[in-house]
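Asks: Contents of start05.cif (mmCIF, N, CA and C atoms):
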data_run
#
loop_
_atom_site.label_atom_id
_atom_site.label_comp_id
_atom_site.auth_asym_id
_atom_site.auth_seq_id
_atom_site.Cartn_x
_atom_site.Cartn_y
_atom_site.Cartn_z
N MET A 1 72.04 130.96 180.85
CA MET A 1 72.98 130.81 179.76
C MET A 1 73.91 129.63 180.07
N SER A 2 74.00 128.66 179.14
CA SER A 2 74.84 127.50 179.40
C SER A 2 76.22 127.71 178.79
N SER A 3 77.20 127.15 179.45
CA SER A 3 78.56 127.27 178.92
C SER A 3 78.95 125.96 178.26
N ALA A 4 79.74 126.05 177.22
CA ALA A 4 80.21 124.86 176.51
C ALA A 4 81.23 124.12 177.36
N ALA A 5 81.22 122.82 177.23
CA ALA A 5 82.19 122.01 177.98
C ALA A 5 83.59 122.29 177.44
N PRO A 6 84.59 122.30 178.32
CA PRO A 6 85.96 122.52 177.85
C PRO A 6 86.40 121.37 176.96
N PRO A 7 87.30 121.63 176.03
CA PRO A 7 87.78 120.54 175.16
C PRO A 7 88.55 119.51 175.97
N PRO A 8 88.52 118.25 175.54
CA PRO A 8 89.29 117.22 176.25
C PRO A 8 90.77 117.58 176.25
N THR A 9 91.45 117.20 177.33
CA THR A 9 92.88 117.52 177.44
C THR A 9 93.76 116.35 177.04
N SER A 10 93.17 115.19 176.76
CA SER A 10 93.99 114.02 176.47
C SER A 10 93.88 113.56 175.01
N LEU A 11 93.62 114.47 174.11
CA LEU A 11 93.57 114.12 172.70
C LEU A 11 94.97 113.77 172.19
N PRO A 12 95.04 112.79 171.28
CA PRO A 12 96.36 112.49 170.71
C PRO A 12 96.85 113.68 169.88
N PRO A 13 98.17 113.81 169.71
CA PRO A 13 98.70 114.94 168.94
C PRO A 13 98.26 114.86 167.48
N PHE A 14 98.23 116.00 166.82
CA PHE A 14 97.85 116.07 165.42
C PHE A 14 99.01 115.74 164.49
N PHE A 15 100.23 115.76 165.00
CA PHE A 15 101.41 115.50 164.18
C PHE A 15 102.30 114.47 164.86
N PHE A 16 103.05 113.75 164.05
CA PHE A 16 103.97 112.73 164.54
C PHE A 16 105.38 113.12 164.15
N SER A 17 106.32 113.05 165.08
CA SER A 17 107.73 113.30 164.80
C SER A 17 108.50 111.99 164.98
N HIS A 18 109.02 111.47 163.87
CA HIS A 18 109.78 110.22 163.93
C HIS A 18 110.99 110.36 164.85
N GLU A 19 111.71 111.50 164.73
CA GLU A 19 112.91 111.71 165.54
C GLU A 19 112.59 111.83 167.03
N ALA A 20 111.46 112.42 167.37
CA ALA A 20 111.12 112.66 168.77
C ALA A 20 110.44 111.47 169.44
N THR A 21 110.07 110.46 168.67
CA THR A 21 109.36 109.31 169.22
C THR A 21 110.30 108.12 169.31
N PRO A 22 110.56 107.63 170.52
CA PRO A 22 111.49 106.50 170.66
C PRO A 22 110.83 105.18 170.25
N TRP A 23 111.67 104.23 169.87
CA TRP A 23 111.20 102.88 169.60
C TRP A 23 110.94 102.18 170.92
N THR A 24 109.94 101.32 170.95
CA THR A 24 109.70 100.41 172.07
C THR A 24 110.26 99.06 171.66
N GLU A 25 111.26 98.58 172.40
CA GLU A 25 111.88 97.30 172.08
C GLU A 25 110.94 96.16 172.46
N LEU A 26 110.74 95.23 171.55
CA LEU A 26 109.93 94.04 171.77
C LEU A 26 110.85 92.83 171.72
N GLU A 27 110.35 91.69 172.07
CA GLU A 27 111.14 90.47 172.02
C GLU A 27 111.32 90.01 170.58
N GLY A 28 112.36 89.24 170.33
CA GLY A 28 112.52 88.57 169.06
C GLY A 28 112.98 89.43 167.91
N GLY A 29 113.69 90.54 168.18
CA GLY A 29 114.22 91.36 167.10
C GLY A 29 113.21 92.29 166.45
N MET A 30 112.26 92.78 167.25
CA MET A 30 111.25 93.70 166.72
C MET A 30 111.17 94.95 167.61
N ARG A 31 110.81 96.08 166.97
CA ARG A 31 110.62 97.35 167.66
C ARG A 31 109.33 97.99 167.14
N ARG A 32 108.70 98.80 168.00
CA ARG A 32 107.41 99.41 167.65
C ARG A 32 107.43 100.90 167.98
N LYS A 33 106.79 101.70 167.09
CA LYS A 33 106.54 103.13 167.31
C LYS A 33 105.08 103.40 166.98
N ILE A 34 104.36 103.97 167.91
CA ILE A 34 102.98 104.36 167.61
C ILE A 34 103.03 105.69 166.88
N VAL A 35 102.52 105.70 165.66
CA VAL A 35 102.53 106.89 164.81
C VAL A 35 101.39 107.82 165.21
N GLY A 36 100.23 107.26 165.51
CA GLY A 36 99.09 108.06 165.91
C GLY A 36 97.88 107.17 166.09
N HIS A 37 96.85 107.74 166.75
CA HIS A 37 95.64 106.96 166.95
C HIS A 37 94.45 107.85 167.29
N THR A 38 93.30 107.33 166.98
CA THR A 38 92.01 107.82 167.43
C THR A 38 91.30 106.59 167.98
N PRO A 39 90.13 106.72 168.57
CA PRO A 39 89.45 105.50 169.03
C PRO A 39 89.16 104.50 167.91
N GLU A 40 89.00 104.99 166.68
CA GLU A 40 88.62 104.11 165.58
C GLU A 40 89.79 103.61 164.74
N LEU A 41 90.99 104.20 164.89
CA LEU A 41 92.11 103.88 163.99
C LEU A 41 93.44 104.04 164.71
N MET A 42 94.39 103.16 164.38
CA MET A 42 95.75 103.28 164.93
C MET A 42 96.76 102.92 163.86
N SER A 43 97.84 103.70 163.77
CA SER A 43 98.97 103.43 162.89
C SER A 43 100.19 103.14 163.74
N VAL A 44 100.86 102.04 163.43
CA VAL A 44 102.02 101.60 164.21
C VAL A 44 103.14 101.21 163.26
N LEU A 45 104.31 101.80 163.43
CA LEU A 45 105.49 101.46 162.65
C LEU A 45 106.21 100.32 163.37
N MET A 46 106.48 99.24 162.64
CA MET A 46 107.17 98.07 163.19
C MET A 46 108.47 97.85 162.44
N GLN A 47 109.58 97.76 163.18
CA GLN A 47 110.89 97.49 162.58
C GLN A 47 111.32 96.08 162.98
N PHE A 48 111.86 95.33 162.02
CA PHE A 48 112.22 93.93 162.23
C PHE A 48 113.68 93.70 161.87
N ASP A 49 114.35 92.84 162.63
CA ASP A 49 115.65 92.30 162.24
C ASP A 49 115.40 91.13 161.29
N LYS A 50 116.37 90.84 160.44
CA LYS A 50 116.25 89.70 159.52
C LYS A 50 115.99 88.43 160.32
N GLY A 51 114.99 87.66 159.90
CA GLY A 51 114.64 86.42 160.57
C GLY A 51 113.63 86.57 161.70
N ALA A 52 113.34 87.81 162.11
CA ALA A 52 112.35 88.02 163.18
C ALA A 52 110.98 87.55 162.70
N VAL A 53 110.23 86.99 163.64
CA VAL A 53 108.94 86.38 163.30
C VAL A 53 107.82 87.09 164.05
N GLY A 54 106.86 87.59 163.29
CA GLY A 54 105.59 88.02 163.86
C GLY A 54 104.72 86.78 163.89
N THR A 55 104.66 86.11 165.04
CA THR A 55 103.99 84.81 165.19
C THR A 55 102.55 84.88 164.70
N PRO A 56 102.12 83.89 163.93
CA PRO A 56 100.74 83.89 163.46
C PRO A 56 99.74 83.97 164.63
N HIS A 57 98.75 84.81 164.44
CA HIS A 57 97.73 85.06 165.45
C HIS A 57 96.51 85.64 164.75
N ALA A 58 95.43 85.81 165.48
CA ALA A 58 94.21 86.44 164.95
C ALA A 58 93.69 87.41 166.00
N HIS A 59 93.04 88.46 165.54
CA HIS A 59 92.44 89.45 166.44
C HIS A 59 90.93 89.25 166.50
N ASP A 60 90.39 89.21 167.71
CA ASP A 60 88.94 89.10 167.87
C ASP A 60 88.23 90.39 167.49
N GLY A 61 88.86 91.52 167.79
CA GLY A 61 88.16 92.79 167.65
C GLY A 61 88.81 93.81 166.75
N HIS A 62 89.82 93.42 165.96
CA HIS A 62 90.54 94.39 165.13
C HIS A 62 90.74 93.88 163.71
N ASP A 63 90.55 94.76 162.74
CA ASP A 63 91.02 94.53 161.37
C ASP A 63 92.43 95.10 161.31
N GLN A 64 93.28 94.53 160.46
CA GLN A 64 94.67 94.99 160.34
C GLN A 64 95.10 95.00 158.89
N ILE A 65 95.80 96.07 158.51
CA ILE A 65 96.49 96.14 157.23
C ILE A 65 97.95 96.41 157.53
N GLY A 66 98.85 95.60 156.95
CA GLY A 66 100.29 95.79 157.12
C GLY A 66 100.89 96.22 155.79
N PHE A 67 101.41 97.45 155.74
CA PHE A 67 102.00 98.02 154.52
C PHE A 67 103.52 97.97 154.65
N VAL A 68 104.21 97.41 153.65
CA VAL A 68 105.67 97.30 153.69
C VAL A 68 106.30 98.63 153.26
N VAL A 69 106.92 99.31 154.24
CA VAL A 69 107.58 100.59 154.00
C VAL A 69 108.99 100.37 153.45
N ALA A 70 109.68 99.34 153.95
CA ALA A 70 111.05 99.04 153.52
C ALA A 70 111.31 97.55 153.71
N GLY A 71 112.22 97.02 152.90
CA GLY A 71 112.61 95.63 153.05
C GLY A 71 111.60 94.66 152.46
N SER A 72 111.55 93.45 153.05
CA SER A 72 110.63 92.43 152.55
C SER A 72 110.25 91.46 153.67
N PHE A 73 109.10 90.85 153.49
CA PHE A 73 108.54 89.92 154.45
C PHE A 73 107.89 88.76 153.72
N GLU A 74 107.88 87.59 154.36
CA GLU A 74 106.98 86.53 153.94
C GLU A 74 105.77 86.65 154.84
N ALA A 75 104.61 86.90 154.27
CA ALA A 75 103.37 87.03 155.03
C ALA A 75 102.52 85.79 154.81
N VAL A 76 101.87 85.34 155.87
CA VAL A 76 100.96 84.20 155.79
C VAL A 76 99.62 84.64 156.35
N ILE A 77 98.58 84.56 155.51
CA ILE A 77 97.22 84.91 155.92
C ILE A 77 96.36 83.67 155.70
N ASP A 78 95.77 83.16 156.78
CA ASP A 78 94.93 81.95 156.70
C ASP A 78 95.60 80.84 155.90
N GLY A 79 96.91 80.65 156.12
CA GLY A 79 97.64 79.57 155.48
C GLY A 79 98.17 79.88 154.08
N GLU A 80 97.79 81.03 153.51
CA GLU A 80 98.29 81.43 152.19
C GLU A 80 99.51 82.32 152.36
N SER A 81 100.62 81.95 151.71
CA SER A 81 101.89 82.65 151.89
C SER A 81 102.24 83.46 150.65
N LYS A 82 102.85 84.65 150.88
CA LYS A 82 103.29 85.50 149.77
C LYS A 82 104.44 86.36 150.26
N VAL A 83 105.46 86.55 149.41
CA VAL A 83 106.55 87.47 149.72
C VAL A 83 106.09 88.87 149.35
N LEU A 84 106.21 89.79 150.31
CA LEU A 84 105.81 91.18 150.12
C LEU A 84 107.05 92.06 150.16
N ARG A 85 107.11 93.01 149.25
CA ARG A 85 108.23 93.96 149.17
C ARG A 85 107.70 95.38 149.33
N MET A 86 108.62 96.35 149.38
CA MET A 86 108.25 97.74 149.57
C MET A 86 107.06 98.12 148.66
N GLY A 87 106.03 98.69 149.26
CA GLY A 87 104.83 99.10 148.53
C GLY A 87 103.72 98.07 148.53
N ASP A 88 104.02 96.83 148.93
CA ASP A 88 102.99 95.79 149.03
C ASP A 88 102.34 95.83 150.40
N ALA A 89 101.24 95.12 150.56
CA ALA A 89 100.53 95.08 151.84
C ALA A 89 99.80 93.76 152.00
N PHE A 90 99.46 93.45 153.24
CA PHE A 90 98.54 92.35 153.52
C PHE A 90 97.33 92.91 154.25
N ILE A 91 96.20 92.25 154.08
CA ILE A 91 94.96 92.64 154.74
C ILE A 91 94.51 91.45 155.57
N ALA A 92 94.35 91.67 156.89
CA ALA A 92 93.94 90.61 157.81
C ALA A 92 92.66 91.05 158.54
N PRO A 93 91.51 90.69 157.99
CA PRO A 93 90.27 90.99 158.70
C PRO A 93 90.24 90.28 160.06
N ARG A 94 89.48 90.83 160.98
CA ARG A 94 89.39 90.19 162.30
C ARG A 94 89.06 88.71 162.17
N LEU A 95 89.60 87.93 163.09
CA LEU A 95 89.43 86.48 163.19
C LEU A 95 90.21 85.69 162.14
N ARG A 96 91.01 86.36 161.29
CA ARG A 96 91.83 85.66 160.29
C ARG A 96 93.26 85.55 160.81
N SER A 97 93.81 84.35 160.76
CA SER A 97 95.18 84.12 161.20
C SER A 97 96.15 84.84 160.25
N HIS A 98 97.15 85.51 160.83
CA HIS A 98 98.14 86.22 160.03
C HIS A 98 99.46 86.30 160.79
N GLY A 99 100.56 86.32 160.05
CA GLY A 99 101.89 86.45 160.63
C GLY A 99 102.89 86.79 159.54
N VAL A 100 104.10 87.16 159.96
CA VAL A 100 105.15 87.51 159.00
C VAL A 100 106.49 86.97 159.46
N VAL A 101 107.39 86.78 158.50
CA VAL A 101 108.80 86.51 158.75
C VAL A 101 109.58 87.56 157.98
N CYS A 102 110.49 88.25 158.67
CA CYS A 102 111.28 89.30 158.04
C CYS A 102 112.41 88.67 157.21
N LEU A 103 112.55 89.13 155.97
CA LEU A 103 113.55 88.58 155.06
C LEU A 103 114.80 89.44 154.93
N GLU A 104 114.76 90.69 155.42
CA GLU A 104 115.91 91.60 155.31
C GLU A 104 116.04 92.43 156.59
N ASP A 105 117.28 92.69 157.01
CA ASP A 105 117.51 93.57 158.15
C ASP A 105 116.90 94.94 157.90
N GLY A 106 116.35 95.53 158.95
CA GLY A 106 115.82 96.89 158.88
C GLY A 106 114.49 97.00 158.16
N SER A 107 113.83 95.89 157.90
CA SER A 107 112.53 95.95 157.22
C SER A 107 111.51 96.64 158.12
N LEU A 108 110.62 97.40 157.48
CA LEU A 108 109.60 98.18 158.22
C LEU A 108 108.21 97.87 157.69
N LEU A 109 107.28 97.68 158.62
CA LEU A 109 105.86 97.57 158.31
C LEU A 109 105.14 98.74 158.96
N LEU A 110 104.17 99.31 158.26
CA LEU A 110 103.25 100.26 158.87
C LEU A 110 101.95 99.52 159.06
N ASP A 111 101.65 99.16 160.31
CA ASP A 111 100.42 98.44 160.63
C ASP A 111 99.31 99.44 160.93
N GLN A 112 98.14 99.17 160.36
CA GLN A 112 96.94 99.96 160.61
C GLN A 112 95.94 99.05 161.30
N PHE A 113 95.37 99.51 162.40
CA PHE A 113 94.38 98.74 163.14
C PHE A 113 93.09 99.53 163.26
N SER A 114 91.98 98.83 163.13
CA SER A 114 90.67 99.44 163.36
C SER A 114 89.83 98.45 164.14
N PRO A 115 89.33 98.86 165.32
CA PRO A 115 89.66 100.09 166.02
C PRO A 115 91.08 100.02 166.58
N ARG A 116 91.49 101.08 167.30
CA ARG A 116 92.87 101.14 167.82
C ARG A 116 93.11 99.99 168.81
N ARG A 117 94.39 99.68 169.00
CA ARG A 117 94.82 98.66 169.95
C ARG A 117 95.09 99.33 171.30
N ASP A 118 94.13 99.32 172.18
CA ASP A 118 94.32 99.95 173.49
C ASP A 118 95.43 99.26 174.29
N ASP A 119 95.71 97.98 173.99
CA ASP A 119 96.77 97.27 174.69
C ASP A 119 98.16 97.80 174.32
N TYR A 120 98.26 98.58 173.25
CA TYR A 120 99.53 99.20 172.86
C TYR A 120 99.78 100.53 173.58
N LEU A 121 98.76 101.10 174.18
CA LEU A 121 98.89 102.42 174.81
C LEU A 121 99.43 102.31 176.22
#
Once more with this new file: its structure as C-alpha coordinates, please.
Replies:
Amino acid sequence: MSSAAPPPTSLPPFFFSHEATPWTELEGGMRRKIVGHTPELMSVLMQFDKGAVGTPHAHDGHDQIGFVVAGSFEAVIDGESKVLRMGDAFIAPRLRSHGVVCLEDGSLLLDQFSPRRDDYL
(Lines of atoms letter the chains of each structure in order from A and count residues from 1; the text may use other names and numbers.)
(Lines give C-alpha, C1' and ligand atoms only; values in the text may rest on other atoms or scores of the structure.)
Protein backbone atom coordinates (compact mmCIF):
# COMPACT_ATOMS: atom_id res chain seq x y z
CA MET A 1 0.00 0.00 0.00
CA SER A 2 1.51 3.34 -1.05
CA SER A 3 1.12 6.50 0.94
CA ALA A 4 0.44 9.88 -0.62
CA ALA A 5 3.19 12.45 -0.48
CA PRO A 6 2.67 15.13 2.17
CA PRO A 7 1.50 18.51 0.85
CA PRO A 8 4.23 21.09 0.23
CA THR A 9 4.92 23.31 3.24
CA SER A 10 6.06 26.38 1.30
CA LEU A 11 2.91 27.27 -0.62
CA PRO A 12 2.09 30.97 -0.77
CA PRO A 13 -0.83 32.05 1.43
CA PHE A 14 -4.35 31.97 0.00
CA PHE A 15 -5.16 35.45 1.33
CA PHE A 16 -3.39 38.80 1.38
CA SER A 17 -3.62 41.31 4.24
CA HIS A 18 -2.67 44.85 3.21
CA GLU A 19 -2.29 45.92 6.86
CA ALA A 20 -0.11 42.93 7.79
CA THR A 21 2.22 43.23 4.78
CA PRO A 22 4.92 45.90 5.04
CA TRP A 23 6.10 47.99 2.10
CA THR A 24 9.59 47.32 0.73
CA GLU A 25 11.28 50.68 0.18
CA LEU A 26 12.93 51.02 -3.24
CA GLU A 27 15.11 53.80 -4.60
CA GLY A 28 13.70 56.88 -6.26
CA GLY A 29 10.45 57.34 -4.33
CA MET A 30 8.92 53.92 -4.92
CA ARG A 31 7.65 51.16 -2.61
CA ARG A 32 6.59 47.57 -3.35
CA LYS A 33 4.24 45.01 -1.74
CA ILE A 34 3.91 41.50 -3.08
CA VAL A 35 0.19 40.73 -3.06
CA GLY A 36 0.55 37.07 -4.01
CA HIS A 37 2.15 34.65 -6.41
CA THR A 38 2.18 31.22 -7.95
CA PRO A 39 4.90 29.94 -10.29
CA GLU A 40 2.87 31.22 -13.26
CA LEU A 41 1.58 34.57 -11.92
CA MET A 42 2.56 37.39 -9.56
CA SER A 43 0.68 40.49 -8.36
CA VAL A 44 2.70 43.38 -6.97
CA LEU A 45 1.38 46.67 -5.57
CA MET A 46 3.68 49.60 -6.38
CA GLN A 47 3.38 53.00 -4.67
CA PHE A 48 5.06 56.06 -6.21
CA ASP A 49 5.86 59.58 -5.05
CA LYS A 50 5.08 62.36 -7.54
CA GLY A 51 7.85 62.52 -10.13
CA ALA A 52 9.17 59.02 -9.39
CA VAL A 53 10.32 57.22 -12.52
CA GLY A 54 9.97 53.56 -13.36
CA THR A 55 12.93 53.60 -15.78
CA PRO A 56 12.14 52.17 -19.20
CA HIS A 57 13.22 48.54 -19.47
CA ALA A 58 12.15 45.25 -21.06
CA HIS A 59 11.74 41.75 -19.62
CA ASP A 60 13.23 38.76 -21.40
CA GLY A 61 10.99 36.25 -19.69
CA HIS A 62 7.93 38.07 -18.33
CA ASP A 63 4.74 39.63 -19.65
CA GLN A 64 3.50 42.55 -17.52
CA ILE A 65 0.22 44.39 -17.07
CA GLY A 66 0.20 47.55 -14.93
CA PHE A 67 -3.26 48.55 -13.63
CA VAL A 68 -3.67 52.06 -12.14
CA VAL A 69 -5.33 51.66 -8.73
CA ALA A 70 -4.97 55.34 -7.72
CA GLY A 71 -3.49 58.54 -9.09
CA SER A 72 -2.02 58.89 -12.56
CA PHE A 73 1.04 57.99 -14.59
CA GLU A 74 2.58 58.78 -17.93
CA ALA A 75 3.33 55.35 -19.41
CA VAL A 76 5.63 54.75 -22.36
CA ILE A 77 5.47 51.43 -24.23
CA ASP A 78 7.86 50.99 -27.17
CA GLY A 79 8.11 54.78 -27.51
CA GLU A 80 4.33 55.39 -27.43
CA SER A 81 3.26 57.62 -24.52
CA LYS A 82 -0.14 57.87 -22.82
CA VAL A 83 -1.41 59.35 -19.54
CA LEU A 84 -3.15 56.65 -17.50
CA ARG A 85 -5.59 57.35 -14.67
CA MET A 86 -7.40 55.20 -12.11
CA GLY A 87 -8.91 52.18 -13.90
CA ASP A 88 -6.56 52.36 -16.91
CA ALA A 89 -3.76 49.90 -17.62
CA PHE A 90 -0.76 49.26 -19.83
CA ILE A 91 0.20 45.93 -21.36
CA ALA A 92 3.92 45.20 -21.87
CA PRO A 93 4.56 41.85 -23.55
CA ARG A 94 8.01 40.39 -22.97
CA LEU A 95 10.84 42.12 -24.86
CA ARG A 96 8.83 45.39 -25.17
CA SER A 97 10.33 48.50 -23.60
CA HIS A 98 8.09 50.06 -20.95
CA GLY A 99 8.32 52.63 -18.16
CA VAL A 100 6.26 55.13 -16.17
CA VAL A 101 6.50 58.58 -14.60
CA CYS A 102 4.25 59.24 -11.61
CA LEU A 103 2.12 62.37 -11.98
CA GLU A 104 0.54 62.50 -8.48
CA ASP A 105 1.71 61.72 -4.94
CA GLY A 106 0.50 58.38 -3.61
CA SER A 107 -0.23 56.90 -7.03
CA LEU A 108 -0.57 53.10 -7.04
CA LEU A 109 -0.02 50.50 -9.75
CA LEU A 110 -0.99 46.86 -9.46
CA ASP A 111 1.59 45.05 -11.59
CA GLN A 112 0.83 41.55 -12.85
CA PHE A 113 3.70 39.38 -14.08
CA SER A 114 3.61 36.06 -15.89
CA PRO A 115 5.48 34.03 -14.91
CA ARG A 116 6.25 35.34 -11.41
CA ARG A 117 9.34 37.47 -10.74
CA ASP A 118 11.55 35.19 -8.65
CA ASP A 119 13.97 38.12 -8.22
CA TYR A 120 11.27 39.84 -6.10
CA LEU A 121 11.08 36.96 -3.60
Asks: Choose the residue, out of A:Gly87, A:Gly36, A:Gly28, A:Gly51, that has the smallest atom-to-atom separation from Val68 in chain A; count all atoms listed in the file.
Replies: A:Gly87
Asks: Which of these residues is nearest to His59 in chain A, using only C-alpha atoms: A:Gly71, A:Gly99, A:Gly29, A:Pro22?
Replies: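 Smallest distance to His59 in chain A is found for A:Gly99.
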Asks: Distance CA of Asp105 in chain A-CA of His37 in chain A, one decimal place?
Replies: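 Rounded to one decimal, the two atoms are 27.1 Å apart.
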Asks: Taking only N, CA and C atoms into account, which of A:Ser107, A:Ser81, A:Thr55, A:Gln47 comes nearest Arg31 in chain A?
Replies: A:Gln47
Asks: May I ask for the distance between CA of Pro115 in chain A and CA of Lys50 in chain A, given in Å to one decimal place?
Replies: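 Answer for the CA of Pro115 in chain A to CA of Lys50 in chain A separation: 29.3 Å.
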Asks: I want to know what sits within 7 Å of Val76 in chain A, based on all atoms listed in the file, with residues of the same chain fewer than 6 positions away left out; could you give that as an NGL selection string?
Replies: :A and (82 or 97-101)
Asks: What does the distance between atom N of Ser72 in chain A and atom N of Leu108 in chain A come to in Å, to one decimal place?
Replies: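 Pair atom N of Ser72 in chain A / atom N of Leu108 in chain A returns 6.0 Å.
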Asks: Go through A:Ile91, A:Lys33, A:Phe113, A:His62 and flag the residue nearest Glu19 in chain A, using only C-alpha atoms for the distances.
Replies: A:Lys33
Asks: Give the strand (DSSP E) residues of chain A, as DSSP finds them on the backbone, and put them as a PyMOL selection string.
Replies: chain A and resi 24-26+30-38+41-48+53-57+63-70+72-77+80-85+89-92+98-102+107-114
Asks: Under the rule that all atoms listed in the file are counted, which of A:Thr21, A:Leu110, A:Ala52, A:Leu121 is the nearest residue to Ala70 in chain A?
Replies: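 The answer is A:Leu110, which sits nearest to Ala70 in chain A.
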Asks: Can you work out which one of A:Ala92, A:Met30, A:Arg117, A:Ala20 has the shortest atom-to-atom distance to Ile65 in chain A, counting only N, CA and C atoms?
Replies: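 Of the candidates, the smallest distance to Ile65 in chain A is held by A:Ala92.
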Asks: Apply the PyMOL selection byres ((chain A and resi 114) around 6) to the file shown and report the selected residues as a ChimeraX atom specification.
Replies: /A:40-42,61-64,112-113,115-116
